[in-house]
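*Asks:* Sharing model29.csv below, CSV, C-alpha atoms:
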```csv
chain,number,residue,atom,x,y,z
A,1371,MET,CA,49.2,24.6,-17.1
A,1372,PRO,CA,47.9,20.9,-17.2
A,1373,VAL,CA,50.3,18.2,-18.3
A,1374,ASP,CA,49.9,17.1,-21.9
A,1375,THR,CA,48.6,13.6,-21.3
A,1376,GLU,CA,48.8,12.3,-24.9
A,1377,GLY,CA,51.9,14.2,-25.9
A,1378,LEU,CA,53.9,12.9,-22.9
A,1379,ALA,CA,52.5,9.4,-23.5
A,1380,ARG,CA,54.0,9.4,-27.0
A,1381,LYS,CA,57.2,10.9,-25.8
A,1382,TYR,CA,57.7,8.4,-23.0
A,1383,ARG,CA,56.7,5.4,-25.0
A,1384,ALA,CA,59.3,6.2,-27.6
A,1385,ALA,CA,61.9,6.6,-24.8
A,1386,THR,CA,61.1,3.4,-22.9
A,1387,ILE,CA,60.6,0.6,-25.5
A,1388,ASP,CA,62.8,-1.1,-28.0
A,1389,LEU,CA,60.5,-3.2,-30.1
A,1390,ALA,CA,63.2,-4.8,-32.2
A,1391,GLY,CA,65.2,-5.9,-29.1
A,1392,ARG,CA,62.1,-6.5,-27.0
A,1393,ARG,CA,63.6,-4.3,-24.3
A,1394,LEU,CA,62.1,-1.9,-21.8
A,1395,MET,CA,63.5,1.0,-19.9
A,1396,LEU,CA,63.2,0.0,-16.2
A,1397,THR,CA,64.0,1.7,-12.9
A,1398,ASN,CA,67.0,0.8,-10.9
A,1399,PHE,CA,66.2,1.7,-7.3
A,1400,ARG,CA,69.7,2.0,-6.0
A,1401,GLY,CA,70.6,5.6,-5.1
A,1402,THR,CA,67.1,6.9,-5.7
A,1403,GLN,CA,64.9,8.8,-3.2
A,1404,GLN,CA,62.4,5.9,-3.4
A,1405,GLU,CA,65.0,3.6,-1.9
A,1406,GLN,CA,64.6,5.3,1.5
A,1407,ASP,CA,61.1,4.1,1.8
A,1408,LEU,CA,61.8,0.4,1.0
A,1409,THR,CA,61.3,-2.1,3.8
A,1410,GLU,CA,63.9,-4.4,2.2
A,1411,PRO,CA,66.9,-3.4,0.1
A,1412,PRO,CA,66.5,-3.5,-3.7
A,1413,ASN,CA,67.1,-6.9,-5.2
A,1414,CYS,CA,67.6,-8.2,-8.8
A,1415,ASP,CA,70.7,-6.2,-9.3
A,1416,GLY,CA,68.8,-3.1,-8.2
A,1417,PHE,CA,66.0,-3.4,-10.7
A,1418,GLY,CA,63.6,-5.1,-8.2
A,1419,ARG,CA,62.1,-4.5,-4.9
A,1420,VAL,CA,59.9,-6.6,-2.6
A,1421,ARG,CA,56.6,-5.1,-1.7
A,1422,HIS,CA,54.4,-6.2,1.2
A,1423,PHE,CA,50.7,-6.0,0.3
A,1424,ARG,CA,48.6,-5.9,3.5
A,1425,ARG,CA,44.9,-6.3,3.7
A,1426,ALA,CA,44.5,-3.8,6.6
A,1427,THR,CA,45.8,-0.2,6.5
A,1428,SER,CA,44.7,2.5,9.0
A,1429,LYS,CA,42.0,1.8,11.5
A,1430,GLY,CA,38.6,2.6,9.9
A,1431,TRP,CA,39.8,2.5,6.3
A,1432,PRO,CA,38.3,-0.3,4.1
A,1433,LEU,CA,40.3,-3.4,3.7
A,1434,ASN,CA,42.4,-3.9,0.6
A,1435,PRO,CA,42.3,-7.5,-0.7
A,1436,LEU,CA,44.4,-6.7,-3.8
A,1437,PRO,CA,46.3,-8.5,-5.2
A,1438,ILE,CA,46.1,-11.0,-2.3
A,1439,ASP,CA,42.7,-12.7,-3.0
A,1440,PRO,CA,42.9,-12.9,-6.9
A,1441,ALA,CA,46.5,-14.3,-6.7
A,1442,HIS,CA,45.9,-16.8,-4.0
A,1443,ALA,CA,42.7,-18.0,-5.6
A,1444,ARG,CA,44.4,-18.7,-8.9
A,1445,LEU,CA,47.5,-20.2,-7.3
A,1446,GLY,CA,45.5,-22.4,-5.0
A,1447,LEU,CA,47.0,-20.8,-1.9
A,1448,PRO,CA,45.2,-20.4,1.5
A,1449,HIS,CA,43.7,-17.2,2.8
A,1450,ALA,CA,46.3,-14.6,3.9
A,1451,ASP,CA,46.2,-11.0,5.2
A,1452,GLU,CA,49.7,-10.1,3.9
A,1453,VAL,CA,51.7,-11.2,0.8
A,1454,ARG,CA,55.1,-10.4,-0.7
A,1455,ALA,CA,55.4,-9.4,-4.3
A,1456,GLN,CA,58.4,-9.0,-6.6
A,1457,VAL,CA,58.1,-5.5,-8.1
A,1458,PHE,CA,59.6,-4.2,-11.3
A,1459,GLN,CA,58.9,-0.6,-12.2
A,1460,ASN,CA,58.9,1.1,-15.6
A,1461,ALA,CA,60.8,4.4,-15.8
A,1462,ALA,CA,58.1,6.8,-17.1
A,1463,CYS,CA,54.6,8.2,-16.4
A,1464,ASN,CA,52.7,10.8,-18.3
A,1465,TRP,CA,50.9,12.1,-15.2
A,1466,ARG,CA,52.4,13.8,-12.1
A,1467,CYS,CA,50.2,12.8,-9.1
A,1468,TRP,CA,51.3,14.8,-6.1
A,1469,TYR,CA,51.0,11.8,-3.8
A,1470,CYS,CA,53.0,9.4,-5.9
A,1471,PHE,CA,55.5,7.5,-3.9
A,1472,VAL,CA,57.9,7.6,-6.9
A,1473,PRO,CA,60.2,10.6,-7.2
A,1474,TYR,CA,59.5,12.6,-10.4
A,1475,SER,CA,63.1,12.0,-11.4
A,1476,SER,CA,62.3,8.3,-11.8
A,1477,LEU,CA,59.2,9.0,-14.0
A,1478,ASP,CA,60.8,10.8,-17.0
A,1479,ALA,CA,62.8,8.0,-18.6
A,1480,ASN,CA,65.9,9.3,-16.8
A,1481,PRO,CA,68.9,7.1,-17.8
A,1482,ALA,CA,70.6,8.0,-14.5
A,1483,HIS,CA,68.0,5.8,-12.7
A,1484,SER,CA,67.1,3.2,-15.3
A,1485,ALA,CA,68.4,0.9,-18.0
A,1486,TRP,CA,67.3,-1.4,-20.8
A,1487,LEU,CA,66.3,-5.0,-19.9
A,1488,THR,CA,64.2,-7.7,-21.6
A,1489,PRO,CA,61.4,-9.5,-19.8
A,1490,GLY,CA,63.6,-12.7,-20.1
A,1491,GLU,CA,66.4,-10.9,-18.2
A,1492,LEU,CA,63.9,-9.8,-15.6
A,1493,VAL,CA,62.7,-13.4,-15.1
A,1494,SER,CA,66.2,-14.6,-14.9
A,1495,LEU,CA,67.0,-12.1,-12.1
A,1496,TYR,CA,63.8,-13.1,-10.4
A,1497,LEU,CA,64.8,-16.8,-10.5
A,1498,LYS,CA,68.1,-16.1,-8.8
A,1499,GLN,CA,66.4,-14.7,-5.7
A,1500,GLU,CA,66.1,-16.8,-2.6
A,1501,ASP,CA,62.6,-17.1,-1.1
A,1502,ARG,CA,61.0,-15.7,-4.2
A,1503,PRO,CA,57.5,-14.2,-3.9
A,1504,ALA,CA,54.8,-16.0,-5.9
A,1505,ILE,CA,53.6,-12.7,-7.3
A,1506,ILE,CA,55.3,-10.5,-9.8
A,1507,ASP,CA,54.0,-6.9,-9.9
A,1508,LEU,CA,54.7,-4.8,-13.0
A,1509,SER,CA,54.4,-1.3,-11.6
A,1510,GLY,CA,55.3,2.3,-12.4
A,1511,GLY,CA,55.1,4.9,-13.5
A,1512,GLN,CA,52.6,3.9,-16.1
A,1513,PRO,CA,53.2,0.3,-17.4
A,1514,GLU,CA,50.6,0.8,-20.1
A,1515,LEU,CA,52.9,3.2,-22.0
A,1516,THR,CA,54.5,-0.1,-23.1
A,1517,PRO,CA,51.6,-2.6,-23.1
A,1518,GLU,CA,53.9,-5.2,-24.7
A,1519,TRP,CA,55.5,-5.7,-21.3
A,1520,VAL,CA,52.6,-7.9,-20.1
A,1521,PRO,CA,52.5,-10.4,-23.0
A,1522,TRP,CA,56.3,-10.4,-23.2
A,1523,MET,CA,56.4,-11.3,-19.5
A,1524,ILE,CA,53.8,-14.0,-19.9
A,1525,GLU,CA,55.9,-15.5,-22.7
A,1526,ALA,CA,59.1,-15.3,-20.5
A,1527,LEU,CA,57.4,-17.0,-17.6
A,1528,ASP,CA,56.0,-19.7,-19.8
A,1529,HIS,CA,59.5,-20.2,-21.3
A,1530,GLU,CA,60.8,-21.0,-17.8
A,1531,ASN,CA,57.8,-23.3,-17.1
A,1532,LEU,CA,56.5,-21.0,-14.4
A,1533,ARG,CA,52.8,-21.1,-15.4
A,1534,GLY,CA,50.7,-21.9,-12.4
A,1535,SER,CA,53.4,-21.1,-9.8
A,1536,VAL,CA,53.8,-17.4,-10.5
A,1537,TYR,CA,51.0,-14.8,-10.6
A,1538,LEU,CA,51.4,-11.7,-12.8
A,1539,TRP,CA,49.9,-8.4,-11.6
A,1540,SER,CA,50.1,-5.0,-13.3
A,1541,ASP,CA,49.1,-1.5,-12.7
A,1542,ASP,CA,47.4,1.0,-15.0
A,1543,ASN,CA,46.4,4.6,-14.5
A,1544,LEU,CA,43.9,4.7,-17.4
A,1545,SER,CA,45.8,7.4,-19.2
A,1546,CYS,CA,46.2,5.8,-22.6
A,1547,ASP,CA,44.5,3.3,-25.0
A,1548,TYR,CA,47.8,1.6,-26.0
A,1549,PHE,CA,46.5,-1.9,-25.1
A,1550,TRP,CA,44.3,-1.7,-28.2
A,1551,ARG,CA,46.5,0.7,-30.3
A,1552,TYR,CA,49.8,-1.2,-30.2
A,1553,LEU,CA,49.1,-4.9,-29.3
A,1554,SER,CA,48.1,-7.4,-31.9
A,1555,SER,CA,44.8,-9.2,-31.6
A,1556,ALA,CA,46.7,-12.3,-30.6
A,1557,GLN,CA,48.6,-10.4,-27.8
A,1558,GLN,CA,45.3,-8.9,-26.6
A,1559,GLU,CA,43.8,-12.3,-26.4
A,1560,LEU,CA,46.8,-13.7,-24.5
A,1561,VAL,CA,46.6,-11.0,-21.9
A,1562,SER,CA,42.8,-11.2,-21.6
A,1563,THR,CA,42.7,-15.0,-21.2
A,1564,TYR,CA,45.9,-15.8,-19.3
A,1565,ARG,CA,44.6,-17.4,-16.1
A,1566,PHE,CA,47.5,-16.2,-13.9
A,1567,TYR,CA,47.3,-12.5,-14.7
A,1568,SER,CA,45.2,-9.7,-13.4
A,1569,ARG,CA,45.2,-5.9,-13.8
A,1570,VAL,CA,44.3,-3.1,-11.4
A,1571,ALA,CA,43.6,0.3,-12.9
A,1572,CYS,CA,43.4,3.4,-10.7
A,1573,PHE,CA,40.8,6.2,-10.9
A,1574,LYS,CA,42.7,9.3,-9.8
A,1575,GLY,CA,39.9,11.1,-8.0
A,1576,PHE,CA,36.1,10.9,-7.7
A,1577,ASP,CA,35.2,13.9,-9.8
A,1578,GLU,CA,36.8,16.2,-12.3
A,1579,GLU,CA,38.0,18.7,-9.7
A,1580,SER,CA,39.7,16.0,-7.5
A,1581,PHE,CA,41.1,14.4,-10.6
A,1582,LYS,CA,42.8,17.6,-11.9
A,1583,PHE,CA,44.1,18.3,-8.4
A,1584,ASN,CA,45.6,14.9,-8.1
A,1585,THR,CA,47.1,14.4,-11.5
A,1586,ARG,CA,47.7,17.9,-13.0
A,1587,ALA,CA,46.1,16.4,-16.1
A,1588,GLU,CA,43.4,17.8,-18.3
A,1589,GLY,CA,39.9,17.5,-16.7
A,1590,GLU,CA,38.5,15.6,-19.7
A,1591,TRP,CA,40.6,12.6,-18.8
A,1592,PHE,CA,38.5,12.0,-15.8
A,1593,SER,CA,35.7,10.8,-18.0
A,1594,LYS,CA,38.1,9.1,-20.4
A,1595,GLN,CA,39.2,6.9,-17.4
A,1596,PHE,CA,35.7,5.4,-17.4
A,1597,GLU,CA,35.7,4.8,-21.1
A,1598,LEU,CA,39.0,2.9,-20.9
A,1599,MET,CA,37.9,0.9,-17.9
A,1600,THR,CA,34.7,-0.1,-19.7
A,1601,ARG,CA,36.8,-1.4,-22.6
A,1602,LEU,CA,39.1,-3.4,-20.2
A,1603,VAL,CA,36.1,-5.0,-18.6
A,1604,ALA,CA,34.6,-5.9,-22.0
A,1605,SER,CA,37.8,-7.5,-23.0
A,1606,GLY,CA,37.2,-10.3,-20.5
A,1607,MET,CA,40.4,-9.4,-18.6
A,1608,ASP,CA,40.4,-10.0,-14.9
A,1609,VAL,CA,40.4,-6.4,-13.9
A,1610,TYR,CA,40.0,-4.5,-10.7
A,1611,ALA,CA,40.1,-0.8,-9.7
A,1612,TYR,CA,41.7,1.5,-7.2
A,1613,VAL,CA,40.4,5.0,-6.5
A,1614,THR,CA,42.1,7.8,-4.6
A,1615,PHE,CA,39.8,10.1,-2.6
A,1616,THR,CA,42.1,13.1,-2.0
A,1617,ALA,CA,40.4,16.4,-2.9
A,1618,PRO,CA,41.2,20.1,-2.5
A,1619,ARG,CA,38.1,20.8,-0.5
A,1620,GLU,CA,35.4,19.1,1.5
A,1621,GLY,CA,32.4,20.8,0.0
A,1622,GLY,CA,30.3,18.7,-2.3
A,1623,ILE,CA,32.1,15.4,-1.5
A,1624,ARG,CA,28.9,13.5,-0.7
A,1625,ASP,CA,27.1,14.3,-4.0
A,1626,ALA,CA,30.3,13.7,-6.0
A,1627,ILE,CA,31.0,10.3,-4.4
A,1628,ARG,CA,27.4,9.2,-5.2
A,1629,ARG,CA,27.8,10.3,-8.8
A,1630,PHE,CA,31.1,8.4,-8.9
A,1631,VAL,CA,29.5,5.2,-7.8
A,1632,ASP,CA,26.8,5.7,-10.3
A,1633,ARG,CA,29.4,5.9,-13.0
A,1634,LEU,CA,31.1,2.8,-11.8
A,1635,GLN,CA,27.8,1.0,-12.0
A,1636,GLU,CA,27.4,2.1,-15.6
A,1637,ILE,CA,30.5,0.0,-16.3
A,1638,ASP,CA,28.9,-2.9,-14.5
A,1639,GLU,CA,26.3,-3.0,-11.8
A,1640,LEU,CA,28.7,-4.8,-9.4
A,1641,PHE,CA,31.9,-3.0,-10.4
A,1642,PRO,CA,32.0,-0.9,-7.2
A,1643,LEU,CA,32.6,-4.2,-5.4
A,1644,ARG,CA,35.7,-4.7,-7.5
A,1645,THR,CA,36.9,-1.1,-6.6
A,1646,VAL,CA,39.2,-0.5,-3.6
A,1647,PRO,CA,39.8,3.0,-2.1
A,1648,LEU,CA,43.5,3.6,-1.6
A,1649,GLU,CA,44.5,5.5,1.6
A,1650,ILE,CA,47.0,8.2,0.5
A,1651,GLN,CA,49.9,8.4,2.9
A,1652,GLU,CA,53.1,10.4,3.1
A,1653,PHE,CA,56.3,9.0,1.5
A,1654,SER,CA,59.7,10.6,1.3
A,1655,PRO,CA,59.3,11.9,-2.3
A,1656,VAL,CA,55.9,13.5,-1.4
A,1657,VAL,CA,57.2,15.7,1.4
A,1658,GLY,CA,58.6,18.4,-0.8
A,1659,ARG,CA,55.5,18.6,-2.9
A,1660,LEU,CA,53.1,19.4,0.0
A,1661,THR,CA,51.2,22.6,0.4
A,1662,PRO,CA,48.4,23.4,2.9
A,1663,LEU,CA,45.9,22.3,0.3
A,1664,HIS,CA,47.6,18.9,0.0
A,1665,GLN,CA,47.7,18.6,3.8
A,1666,ALA,CA,44.0,19.2,3.9
A,1667,ALA,CA,43.5,16.6,1.2
A,1668,PHE,CA,44.8,13.9,3.6
A,1669,ARG,CA,41.8,14.8,5.8
A,1670,HIS,CA,39.2,15.1,3.1
A,1671,GLN,CA,39.9,11.5,1.9
A,1672,TRP,CA,38.4,10.3,5.2
A,1673,VAL,CA,35.2,12.2,4.6
A,1674,ALA,CA,35.0,10.7,1.1
A,1675,VAL,CA,35.6,7.1,2.2
A,1676,GLU,CA,32.9,7.3,4.8
A,1677,VAL,CA,30.4,8.4,2.1
A,1678,TRP,CA,31.8,5.6,-0.1
A,1679,GLN,CA,31.1,2.9,2.5
A,1680,ASP,CA,27.6,4.3,3.1
A,1681,GLU,CA,26.9,4.1,-0.6
A,1682,LEU,CA,28.0,0.5,-0.8
A,1683,SER,CA,25.8,-0.4,2.2
A,1684,ARG,CA,22.9,1.3,0.6
A,1685,ARG,CA,23.3,-0.3,-2.8
A,1686,PHE,CA,24.3,-3.8,-2.1
A,1687,SER,CA,23.1,-6.5,0.3
A,1688,PRO,CA,25.3,-7.8,3.1
A,1689,ALA,CA,25.7,-11.1,1.2
A,1690,THR,CA,26.8,-9.4,-1.9
A,1691,ARG,CA,29.2,-7.2,-0.1
A,1692,SER,CA,30.7,-10.2,1.7
A,1693,LEU,CA,31.9,-11.8,-1.6
A,1694,ALA,CA,35.6,-12.1,-2.0
A,1695,ILE,CA,36.6,-9.4,-4.5
A,1696,ASN,CA,37.7,-12.0,-7.1
A,1697,GLU,CA,34.3,-13.7,-6.8
A,1698,VAL,CA,32.4,-10.6,-7.9
A,1699,ALA,CA,31.3,-11.7,-11.4
A,1700,LEU,CA,31.0,-8.9,-13.8
A,1701,ARG,CA,28.0,-9.5,-16.0
A,1702,SER,CA,29.1,-7.2,-18.7
A,1703,ALA,CA,32.3,-9.1,-19.3
A,1704,VAL,CA,32.5,-10.9,-22.7
A,1705,LEU,CA,33.1,-14.2,-21.0
A,1706,LEU,CA,33.7,-15.4,-17.4
A,1707,ARG,CA,37.3,-15.9,-16.6
A,1708,ASN,CA,36.7,-19.5,-15.5
A,1709,ASP,CA,35.4,-20.4,-18.9
A,1710,ARG,CA,38.1,-18.6,-21.0
A,1711,TYR,CA,40.4,-20.6,-23.2
A,1712,GLU,CA,44.0,-20.8,-21.9
A,1713,PRO,CA,46.5,-20.6,-24.8
```
Now that the file is in, can you turn its structure into structure tokens?

*Replies:*
Amino acid sequence: MPVDTEGLARKYRAATIDLAGRRLMLTNFRGTQQEQDLTEPPNCDGFGRVRHFRRATSKGWPLNPLPIDPAHARLGLPHADEVRAQVFQNAACNWRCWYCFVPYSSLDANPAHSAWLTPGELVSLYLKQEDRPAIIDLSGGQPELTPEWVPWMIEALDHENLRGSVYLWSDDNLSCDYFWRYLSSAQQELVSTYRFYSRVACFKGFDEESFKFNTRAEGEWFSKQFELMTRLVASGMDVYAYVTFTAPREGGIRDAIRRFVDRLQEIDELFPLRTVPLEIQEFSPVVGRLTPLHQAAFRHQWVAVEVWQDELSRRFSPATRSLAINEVALRSAVLLRNDRYEP
């Protein structure tokens, strides 16, 4: 049976936010299966981890400039091929992607692996760290189950006079419309116009079949992902996309990838150039979930990414493809980020 996307979203939102206390249920990495995969020990009293974002992954896979290029452009930092980011992770997700590097026990608001903190407390923990990264990544899980996290973090950073020295980055799996449902218009405007914030939202597959295979969610949510991304772009937010190309079979991949790029261009003609394929790799929590079908999916993603690169070469000139990802201006956005008012 598919997971109940909307039902679980309601359940986990209720379990992971305290509106009156402005608190969130956040993961503590100590003693979790995820801790085994960390390159550095957990920090911030166990509630943080340092992630290394690298532009290059496996040989032949497209480069990943996120969040390196947007962050360095806004912070006025030089070009880099690797950055460190301070990661905080919410404790719930309403989908169950088989390749997720987070153990499912850390995705169901489990109090054994999480606790309540305010964004102010997170920033205080961050400030106590030596050699602090300039990027804070709000990850998950699905951070958008509690969209208040982003504006609350912006306010906490501003309270500590960190505007301009810290870049805020957050993840979104496009599984709910809570940005519009629960944030006030003032909060939406703050998030959409804050110069030192960007969001990446992930398409969990390139067609309905791969989407259902990857997420265990209802197939209709594949199309809903495009609707939500269109609304994010229209908000004027500095938004980017990931896509995962794992699929249960190789047949039909070429045509499906072409249709996927078509749909990205319905959001904006240039949106494929703000979209980065993620290479799915094997982390410790994934091992016990793998079947022969999943093992084959690791191979199928290479077929899909080859078609993806062919499509971009066919649709865009070399000059356009050479733009830095943060320089790809989306014509359908309400306003260009450089011209937005900074509150």

*Asks:* Just want the 12 Å neighbourhood of Arg1633 (chain A), counted on all atoms listed in the file, with same-chain residues fewer than 3 positions away dropped. Output as a list of chain:residue names.

*Replies:*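 Listed by chain and then number, they are A:Phe1573, A:Phe1576, A:Asp1577, A:Phe1592, A:Ser1593, A:Lys1594, A:Gln1595, A:Phe1596, A:Glu1597, A:Met1599, A:Thr1600, A:Ala1626, A:Ile1627, A:Arg1628, A:Arg1629, A:Phe1630, A:Glu1636, A:Ile1637, A:Asp1638, A:Glu1639, A:Leu1640, A:Phe1641, A:Pro1642.
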
*Asks:* Could you tell me which of A:Ala1441, A:Leu1447, A:Ala1604, A:Ala1479 comes closest to Leu1538 (chain A) if we count all atoms listed in the file?

*Replies:*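 Closest to Leu1538 (chain A), using all atoms listed in the file: A:Ala1441.
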
*Asks:* Using only C-alpha atoms, determine which residues lie at most 7 Å from Gln1459 (chain A), disregarding the query and same-chain residues fewer than 6 positions distant; provide the list as a ChimeraX atom specification.

*Replies:* /A:1396-1397,1508-1511

*Asks:* Do you know which residues are at most 12 Å from Ala1450 (chain A) counting only C-alpha atoms, after dropping those on the same chain fewer than 4 positions away, and could you put them as a PyMOL selection string?

*Replies:* chain A and resi 1422-1426+1434-1443+1446+1454

*Asks:* Quick one: distance from CA of Pro1647 (chain A) to CA of Val1603 (chain A) in Å, one decimal?

*Replies:*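 About the pair CA of Pro1647 (chain A) and CA of Val1603 (chain A): they are 18.7 Å apart.
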
*Asks:* Would you work out the distance separating CA of Asp1680 (chain A) from CA of Thr1645 (chain A), expressed in Å to one decimal?

*Replies:*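 It comes out at 14.5 Å.
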
*Asks:* Which distance in Å separates CA of Leu1527 (chain A) and CA of Tyr1548 (chain A), to one decimal?

*Replies:*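 Interatomic distance, CA of Leu1527 (chain A) to CA of Tyr1548 (chain A): 22.6 Å.
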
*Asks:* What lies within 10 Å of Phe1458 (chain A) using only C-alpha atoms, ignoring chain neighbours under 6 positions off, as a list in words?

*Replies:*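 Those residues are Leu1396, Thr1397, Asn1398, Phe1399, Cys1414, Gly1416, Phe1417, Gly1418, Arg1419, Val1420, Leu1492, Tyr1496, Ile1506, Asp1507, Leu1508, Ser1509, Gly1510, Pro1513 and Ser1540 of chain A.
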
*Asks:* From the list A:Leu1378, A:Arg1601, A:Val1493, A:Thr1661, which residue is nearest Asp1478 (chain A) when using all atoms listed in the file?

*Replies:*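 The shortest atom-to-atom distance to Asp1478 (chain A) comes from A:Leu1378.
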
*Asks:* Hey, what's within 6 Å of region 1652-1659 of chain A if we count only C-alpha atoms and toss same-chain stuff fewer than 5 positions away? As a list in words, please?

*Replies:*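 The residues satisfying every condition are Tyr1469, Phe1471 and Pro1473 of chain A.
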
*Asks:* Print the selection's residues with C-alpha atoms to a file, as a compact mmCIF listing (two decimals), in the frame of the given file.

*Replies:*
```
# COMPACT_ATOMS: atom_id res chain seq x y z
CA TYR A 1469 51.00 11.80 -3.80
CA PHE A 1471 55.50 7.50 -3.90
CA PRO A 1473 60.20 10.60 -7.20
```

*Asks:* From the set A:Trp1519, A:Tyr1610, A:Tyr1564, A:Phe1549, which residue has the shortest atom-to-atom contact distance to Leu1700 (chain A), counting only C-alpha atoms?

*Replies:*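 Ranked by minimum distance to Leu1700 (chain A), first place goes to A:Tyr1610.
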
*Asks:* Which of these residues is nearest to Ala1699 (chain A), using only C-alpha atoms: A:Glu1376, A:Asp1625, A:Glu1620, A:Asp1608?

*Replies:*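 Nearest to Ala1699 (chain A): A:Asp1608.
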
*Asks:* Which residue, A:Pro1481, A:Gly1377, A:Pro1517, A:Gly1401, has the smallest gap to Leu1389 (chain A) when you use all atoms listed in the file?

*Replies:* A:Pro1517

*Asks:* Smallest atom-to-atom distance to Ser1687 (chain A): which of A:Trp1486, A:Arg1383, A:Leu1643, A:Glu1500, using only C-alpha atoms?

*Replies:* A:Leu1643
